[in-house]
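Quick notes on the structure that follows.
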Amino acid sequence: MAWFKRKEKGIQTSTEEKKDTPKGLWYKSPTGKIVEAEDLAKNFYVSPEDDYHVRIGSKEYFEIIFDDNKFKELNSNLTAKDPLHFEDTKKYKDRLKDAQSKTGLKDAVRTVVGKSKGKNLVVACMDFSFIGGSMGSVVGEKIARAIDHAIESKTPFLLISKSGGARMMEAALSLMQMAKTSVKLAQLAEAGIPYISLCTDPTTGGTTASYAMLGDINIAEPGALIAFAGPRVVKDTTGKDLPEDFQTSEFLLEHGFLDFITHRRDLKDKVNLYLDLVQNQEVRA
């Protein structure tokens, strides 16, 4: 992701005016297309010229999905511990503090409930900005509790994955979250409550090997990297050249791992259309 600024002449802005997107901030997509950040936000954070879906976080996805951006956060105060006293280039507890300070997040997932097109929806959304969206004990616990809330309230569940995989600083504790969340999703299925899994760029590692591929319907954004091991690892392991679009959402759709790909501007409509169909409700325009 490439951002840069320009200096604007002859433009005066009141000091009382507050904007989420500063003027003069631009984005350059991987294909070289340049768009002003304000226009990018209006276009659902998709570059209008080349349709490139910029990586966004839970804040932006909630804005897209929920009516009037209104929702209630669940288990917002859960934070990770350091039971292994892990240390690499820095102590894990210090890495957690740094990530929390830089992102304003408690961990790599936020779980919320709100209304989308007038009906309740529980959403768990991962944030790649927090230690690469890694799946640790808090991520697994918050997803499990969000599923419990969906079961208790009989509310459909949407999980938006964006992850580099399991969090190595928690070792086996991180890997255990794969089993825990999978069991919870089985309980959700037994309760007859719909589960939509949305894979975004990137969805990799233990996330892909568990909840990201267990949806009643598995969908993805265009051009997303979706894999267990990355393409370089696969190439080195197999010793073979890989197809140009290997492990993209388009490749997975072609080979039957996804049900459909949705443009971000259509996400809210597509999610609600699916829910209306499986719940035998009148389809809303």
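Residues are referred to by chain and number: the chain letter is A, B, ... according to the order shown in the structure tokens, the number counts from 1 in that chain, and ligands are numbered separately from 1 in the order shown.
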**Report entry** For A:Ile65: contacts at 7 Å, only C-alpha atoms, fewer than 4 positions along chain excluded, given as a PyMOL selection string
**Finding:** chain A and resi 61+116+268
Can those selected residues be exported to a file as a PDB file, in the first residue's frame so that it contains C-alpha atoms?
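Written output follows (part00.pdb):
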```pdb
ATOM      1  CA  TYR A  61     -16.112  -3.117   7.101  1.00  0.00           C
ATOM      2  CA  SER A 116     -27.852  -4.838   8.336  1.00  0.00           C
ATOM      3  CA  LYS A 268     -24.039  -5.778   2.101  1.00  0.00           C
TER       4      LYS A 268
END
```
Query - 8 Å contact set for A:Asp201, only C-alpha atoms, chain neighbours under 6 positions out, as a PyMOL selection string - result: chain A and resi 55+162-163+221+223-226
For the residues selected in the previous step, produce a file with N, CA and C atoms as a PDB file, in the first residue's frame.
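Heads up, here's the output in part_24.pdb:
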```
ATOM      1  N   ARG A  55      -6.654  -3.092   1.222  1.00  0.00           N
ATOM      2  CA  ARG A  55      -6.854  -3.714   2.523  1.00  0.00           C
ATOM      3  C   ARG A  55      -7.447  -2.709   3.509  1.00  0.00           C
ATOM      4  N   LYS A 162      -8.983 -12.016   7.660  1.00  0.00           N
ATOM      5  CA  LYS A 162      -7.847 -11.288   7.083  1.00  0.00           C
ATOM      6  C   LYS A 162      -6.673 -11.579   8.001  1.00  0.00           C
ATOM      7  N   SER A 163      -5.863 -12.582   7.633  1.00  0.00           N
ATOM      8  CA  SER A 163      -4.912 -13.113   8.607  1.00  0.00           C
ATOM      9  C   SER A 163      -3.672 -13.708   7.965  1.00  0.00           C
ATOM     10  N   GLU A 221     -13.459 -11.549  -1.626  1.00  0.00           N
ATOM     11  CA  GLU A 221     -13.304 -10.337  -2.425  1.00  0.00           C
ATOM     12  C   GLU A 221     -12.418 -10.631  -3.629  1.00  0.00           C
ATOM     13  N   GLY A 223      -9.409 -10.851  -6.150  1.00  0.00           N
ATOM     14  CA  GLY A 223      -7.962 -10.765  -6.064  1.00  0.00           C
ATOM     15  C   GLY A 223      -7.356 -11.094  -4.723  1.00  0.00           C
ATOM     16  N   ALA A 224      -8.136 -11.623  -3.795  1.00  0.00           N
ATOM     17  CA  ALA A 224      -7.614 -11.921  -2.459  1.00  0.00           C
ATOM     18  C   ALA A 224      -6.699 -13.140  -2.487  1.00  0.00           C
ATOM     19  N   LEU A 225      -5.627 -13.095  -1.703  1.00  0.00           N
ATOM     20  CA  LEU A 225      -4.774 -14.261  -1.503  1.00  0.00           C
ATOM     21  C   LEU A 225      -5.416 -15.146  -0.440  1.00  0.00           C
ATOM     22  N   ILE A 226      -5.736 -16.381  -0.814  1.00  0.00           N
ATOM     23  CA  ILE A 226      -6.361 -17.332   0.102  1.00  0.00           C
ATOM     24  C   ILE A 226      -5.566 -18.626   0.016  1.00  0.00           C
TER      25      ILE A 226
END
```
Report task. Within stretch 34-113 of chain A, find each residue whose DSSP state, derived from the backbone, is helix (DSSP H, G or I), and express the selection as a count of residues only. Result -> 29
Requested in this report: Please provide as number ranges by chain all residues within 9 Å of A:Thr111, with the sequence filter that same-chain residues fewer than 4 positions apart are discarded (counting only C-alpha atoms).
Outcome: A: 72-76, 122-126, 142-143, 145-146, 159
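Going from atom CA of A:Ala99 to atom CA of A:Phe130 covers 5.7 Å.
With distances restricted to only C-alpha atoms, A:Asp127 is the closest residue to A:Ser161 from A:Asp39, A:Asp127, A:Asp88, A:Asp68.
Shortest atom-to-atom contact with A:Ala209 among A:Asn69, A:Gln177, A:Ser58, A:Thr238: A:Gln177, counting only C-alpha atoms.
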Report summary line: Shortest contact to A:Leu253, candidates A:Thr181, A:Asn218, A:Thr155, A:Thr237, atoms counted only C-alpha atoms, goes to A:Asn218
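Distances from A:Glu141, A:Glu152, A:Asp245, A:Glu49 to A:Met178 were compared using only C-alpha atoms, and the smallest one belongs to A:Glu141.
If you measure from each of A:Pro222, A:Arg110, A:Phe71, A:Thr203 to A:Tyr52 using only C-alpha atoms, the closest one turns out to be A:Pro222.
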